[in-house]
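Working notes for the structure below.
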Amino acid sequence: MSKHGVGADIAANAARIRERIARAAERAGRRPEDIRLVAVSKLHSAERISEAIGAGIRDIGENYVQEAAAKLSEVPEGARWHMVGHLQRNKAKQAVQIFDMIQTVDSPRLAAAIGRHAEAAGGSVDILLQVNTSGESAKSGVAPDAVEKLLEAVSEMRGLRVQGLMTVGRWDPNPESARSEFRLLADLAGRLEDRGEAEMKWVSMGMSHDFEIAIEEGANLVRVGTGIFGPRPE
């Protein structure tokens, strides 16, 4: 922590992450401003989130609906909230009241619940389809070869705007281990958009330990928690 306190610490961390994003984008021949940073605040306080917003962060990611709901009223307005954890169908109604984007849609039943509640509330919600690119059984998401079928089902539903794809790379001390999975997701998004099946506006992949690899492979939405907020509270 810096001598100036928690706020300065978060501001300095955010500045370092932005610089790393810019360098990764430049290596890939891309514009840094085209990469959106989502600060994942799981288990961190509303005060810490407010400090991140004060440091210029505009996108906040949360893993749990109830945790986000408890923080929402204590955080300055104007932030865009992203659901980045597994969403249970029975939490869909509350989720659409909180989140501007739900990044973890991985079944027609979940999508239908989200769309139904969004439409009942008189609006619609942005969603990403989560893909399990690593094949790990512990991870959520549909298999890469099932994405097209999911997209076909979801695209017929009201109350939803499919905006792209999301994945969680495998955890490995060597971030290069996830490169092929990130490339797979970006290629898949490109193919779906080329076919005119959906606008793949966002390719969400990469976290604190591997976001630079993800950017090099095509991510334009990265989810960074520890790199901004530091270790999660015990």
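In the structure tokens, the first chain shown is A, the next is B, and so on; residue numbers restart at 1 for each chain, and ligands run from 1 in the order shown.
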
Residue contacts of stretch 13-26 of chain A (7 Å, only C-alpha atoms) excluding same-chain residues fewer than 5 positions away, as a ChimeraX atom specification
/A:31-32,212,215-216,227-228

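Atom pair atom CA of A:Gly159 / atom CA of A:Val84: separated by 19.2 Å.
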
Would you please work out which residue, of A:Ala178, A:Glu148, A:Met101, A:Met166, is nearest to A:Arg195 when using only C-alpha atoms?
A:Glu148

Using DSSP on the backbone coordinates, identify all residues within stretch 27-184 of chain A classified as helix (DSSP H, G or I); present the result as a PDB file with C-alpha atoms, in the first residue's frame.
```
ATOM      1  CA  ARG A  27       2.269  -5.436 -29.604  1.00  0.00           C
ATOM      2  CA  PRO A  32      -5.320   0.686 -26.488  1.00  0.00           C
ATOM      3  CA  GLU A  33      -8.528   2.694 -26.339  1.00  0.00           C
ATOM      4  CA  ASP A  34     -10.395  -0.218 -27.917  1.00  0.00           C
ATOM      5  CA  ALA A  46     -18.063  -0.635  -1.573  1.00  0.00           C
ATOM      6  CA  GLU A  47     -15.501   1.874  -0.315  1.00  0.00           C
ATOM      7  CA  ARG A  48     -12.768   0.205  -2.372  1.00  0.00           C
ATOM      8  CA  ILE A  49     -15.031   0.171  -5.430  1.00  0.00           C
ATOM      9  CA  SER A  50     -15.759   3.866  -4.932  1.00  0.00           C
ATOM     10  CA  GLU A  51     -12.021   4.539  -4.843  1.00  0.00           C
ATOM     11  CA  ALA A  52     -11.592   2.627  -8.099  1.00  0.00           C
ATOM     12  CA  ILE A  53     -14.328   4.720  -9.705  1.00  0.00           C
ATOM     13  CA  GLY A  54     -12.583   7.808  -8.397  1.00  0.00           C
ATOM     14  CA  VAL A  65     -25.802 -11.148  -7.243  1.00  0.00           C
ATOM     15  CA  GLN A  66     -26.397 -10.684  -3.528  1.00  0.00           C
ATOM     16  CA  GLU A  67     -22.942  -9.226  -2.949  1.00  0.00           C
ATOM     17  CA  ALA A  68     -23.418  -6.737  -5.775  1.00  0.00           C
ATOM     18  CA  ALA A  69     -26.859  -5.768  -4.479  1.00  0.00           C
ATOM     19  CA  ALA A  70     -25.428  -5.023  -1.039  1.00  0.00           C
ATOM     20  CA  LYS A  71     -22.791  -2.700  -2.499  1.00  0.00           C
ATOM     21  CA  LEU A  72     -24.794  -0.959  -5.200  1.00  0.00           C
ATOM     22  CA  ARG A  89     -31.743 -18.932 -12.813  1.00  0.00           C
ATOM     23  CA  ASN A  90     -33.495 -18.067  -9.559  1.00  0.00           C
ATOM     24  CA  LYS A  91     -31.286 -14.964  -9.314  1.00  0.00           C
ATOM     25  CA  ALA A  92     -32.055 -13.767 -12.846  1.00  0.00           C
ATOM     26  CA  LYS A  93     -34.757 -11.285 -11.824  1.00  0.00           C
ATOM     27  CA  GLN A  94     -32.468  -9.514  -9.358  1.00  0.00           C
ATOM     28  CA  ALA A  95     -29.533  -9.723 -11.769  1.00  0.00           C
ATOM     29  CA  VAL A  96     -31.292  -7.781 -14.521  1.00  0.00           C
ATOM     30  CA  GLN A  97     -32.087  -5.024 -12.007  1.00  0.00           C
ATOM     31  CA  ILE A  98     -28.394  -4.636 -11.134  1.00  0.00           C
ATOM     32  CA  PRO A 108     -31.032 -21.497 -23.202  1.00  0.00           C
ATOM     33  CA  ARG A 109     -32.884 -21.861 -19.884  1.00  0.00           C
ATOM     34  CA  LEU A 110     -30.745 -19.225 -18.192  1.00  0.00           C
ATOM     35  CA  ALA A 111     -31.012 -16.929 -21.195  1.00  0.00           C
ATOM     36  CA  ALA A 112     -34.802 -17.332 -21.242  1.00  0.00           C
ATOM     37  CA  ALA A 113     -35.052 -16.427 -17.555  1.00  0.00           C
ATOM     38  CA  ILE A 114     -32.902 -13.333 -18.034  1.00  0.00           C
ATOM     39  CA  GLY A 115     -34.853 -12.245 -21.106  1.00  0.00           C
ATOM     40  CA  ARG A 116     -38.211 -12.812 -19.450  1.00  0.00           C
ATOM     41  CA  HIS A 117     -37.351 -10.678 -16.428  1.00  0.00           C
ATOM     42  CA  ALA A 118     -35.704  -7.970 -18.530  1.00  0.00           C
ATOM     43  CA  GLU A 119     -38.760  -7.704 -20.755  1.00  0.00           C
ATOM     44  CA  ALA A 120     -41.079  -7.635 -17.741  1.00  0.00           C
ATOM     45  CA  PRO A 144     -16.943 -24.482 -28.466  1.00  0.00           C
ATOM     46  CA  ASP A 145     -18.852 -26.705 -30.879  1.00  0.00           C
ATOM     47  CA  ALA A 146     -22.124 -25.960 -29.040  1.00  0.00           C
ATOM     48  CA  VAL A 147     -21.922 -22.162 -29.203  1.00  0.00           C
ATOM     49  CA  GLU A 148     -23.668 -21.858 -32.543  1.00  0.00           C
ATOM     50  CA  LYS A 149     -26.653 -23.862 -31.292  1.00  0.00           C
ATOM     51  CA  LEU A 150     -26.857 -21.738 -28.128  1.00  0.00           C
ATOM     52  CA  LEU A 151     -26.629 -18.543 -30.153  1.00  0.00           C
ATOM     53  CA  GLU A 152     -29.412 -19.742 -32.443  1.00  0.00           C
ATOM     54  CA  ALA A 153     -31.686 -20.395 -29.460  1.00  0.00           C
ATOM     55  CA  VAL A 154     -30.850 -17.168 -27.657  1.00  0.00           C
ATOM     56  CA  PRO A 175       0.064 -17.351 -18.631  1.00  0.00           C
ATOM     57  CA  GLU A 176       1.169 -18.627 -22.039  1.00  0.00           C
ATOM     58  CA  SER A 177      -0.721 -21.828 -21.225  1.00  0.00           C
ATOM     59  CA  ALA A 178      -4.017 -20.089 -21.970  1.00  0.00           C
ATOM     60  CA  ARG A 179      -2.959 -18.580 -25.298  1.00  0.00           C
ATOM     61  CA  SER A 180      -4.468 -21.319 -27.468  1.00  0.00           C
ATOM     62  CA  GLU A 181      -7.768 -21.074 -25.571  1.00  0.00           C
ATOM     63  CA  PHE A 182      -7.919 -17.319 -26.042  1.00  0.00           C
ATOM     64  CA  ARG A 183      -7.140 -17.727 -29.729  1.00  0.00           C
ATOM     65  CA  LEU A 184      -9.933 -20.300 -29.987  1.00  0.00           C
TER      66      LEU A 184
END
```

Please list as a PyMOL selection string every residue within 7 Å of A:Gly141, counting only C-alpha atoms and excluding residues in the same chain fewer than 2 positions away.
chain A and resi 106+130-132+139+143

Would you return as a tab-separated table (two decimals) with N, CA and C atoms, in the first residue's frame the members of stretch 95-177 of chain A that DSSP assigns to strand (DSSP E or B) on this structure's backbone?
```tsv
chain	number	residue	atom	x	y	z
A	101	MET	N	-24.49	-5.73	-17.97
A	101	MET	CA	-24.10	-6.85	-18.83
A	101	MET	C	-23.96	-8.11	-17.98
A	102	ILE	N	-24.48	-9.20	-18.49
A	102	ILE	CA	-24.30	-10.51	-17.87
A	102	ILE	C	-23.41	-11.32	-18.79
A	103	GLN	N	-22.19	-11.59	-18.34
A	103	GLN	CA	-21.17	-12.18	-19.21
A	103	GLN	C	-21.17	-13.70	-19.22
A	104	THR	N	-22.03	-14.33	-18.42
A	104	THR	CA	-21.87	-15.76	-18.17
A	104	THR	C	-23.09	-16.59	-18.55
A	105	VAL	N	-23.70	-16.28	-19.66
A	105	VAL	CA	-24.87	-17.03	-20.12
A	105	VAL	C	-24.39	-18.29	-20.85
A	125	VAL	N	-31.27	-6.55	-21.73
A	125	VAL	CA	-29.96	-6.59	-21.09
A	125	VAL	C	-28.93	-7.15	-22.06
A	126	ASP	N	-27.73	-6.60	-22.00
A	126	ASP	CA	-26.62	-7.12	-22.81
A	126	ASP	C	-26.11	-8.42	-22.20
A	127	ILE	N	-25.84	-9.40	-23.03
A	127	ILE	CA	-25.29	-10.66	-22.53
A	127	ILE	C	-24.12	-11.11	-23.40
A	128	LEU	N	-23.23	-11.88	-22.79
A	128	LEU	CA	-22.20	-12.61	-23.51
A	128	LEU	C	-22.46	-14.10	-23.29
A	129	LEU	N	-22.09	-14.90	-24.26
A	129	LEU	CA	-22.22	-16.35	-24.15
A	129	LEU	C	-20.89	-16.90	-23.63
A	130	GLN	N	-20.96	-17.64	-22.53
A	130	GLN	CA	-19.73	-18.17	-21.94
A	130	GLN	C	-19.36	-19.50	-22.58
A	131	VAL	N	-18.10	-19.59	-22.98
A	131	VAL	CA	-17.58	-20.77	-23.66
A	131	VAL	C	-16.49	-21.40	-22.79
A	142	VAL	N	-20.43	-23.37	-22.36
A	142	VAL	CA	-20.72	-24.42	-23.34
A	142	VAL	C	-19.45	-24.78	-24.09
A	160	LEU	N	-33.09	-9.66	-24.68
A	160	LEU	CA	-31.65	-9.94	-24.67
A	160	LEU	C	-30.97	-9.28	-25.86
A	161	ARG	N	-29.75	-8.85	-25.65
A	161	ARG	CA	-28.89	-8.38	-26.74
A	161	ARG	C	-27.58	-9.14	-26.65
A	162	VAL	N	-27.39	-10.08	-27.54
A	162	VAL	CA	-26.13	-10.84	-27.54
A	162	VAL	C	-25.03	-9.91	-28.07
A	163	GLN	N	-23.98	-9.75	-27.26
A	163	GLN	CA	-22.92	-8.80	-27.59
A	163	GLN	C	-21.57	-9.46	-27.84
A	164	GLY	N	-21.48	-10.77	-27.62
A	164	GLY	CA	-20.19	-11.42	-27.85
A	164	GLY	C	-20.01	-12.67	-27.03
A	165	LEU	N	-18.75	-13.03	-26.81
A	165	LEU	CA	-18.40	-14.27	-26.12
A	165	LEU	C	-17.47	-13.98	-24.95
A	166	MET	N	-17.44	-14.93	-24.01
A	166	MET	CA	-16.59	-14.81	-22.83
A	166	MET	C	-16.00	-16.18	-22.50
```

Taking only C-alpha atoms into account, name the residue in A:Asp172, A:Glu136, A:Asp194, A:Asp9 that is nearest to A:Met207.
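Of the candidates, the smallest distance to A:Met207 is held by A:Asp172.
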
Enter the distance from atom CA of A:Pro76 to atom CA of A:Ser41, in Å, rounded to one decimal.
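Atom CA of A:Ser41 lies 14.5 Å from atom CA of A:Pro76.
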
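Comparing the minimum interatomic distances between A:Phe229 and each of A:Ser208, A:Thr133, A:Asn174, A:Thr167, counting only C-alpha atoms, we find that A:Ser208 sits nearest.
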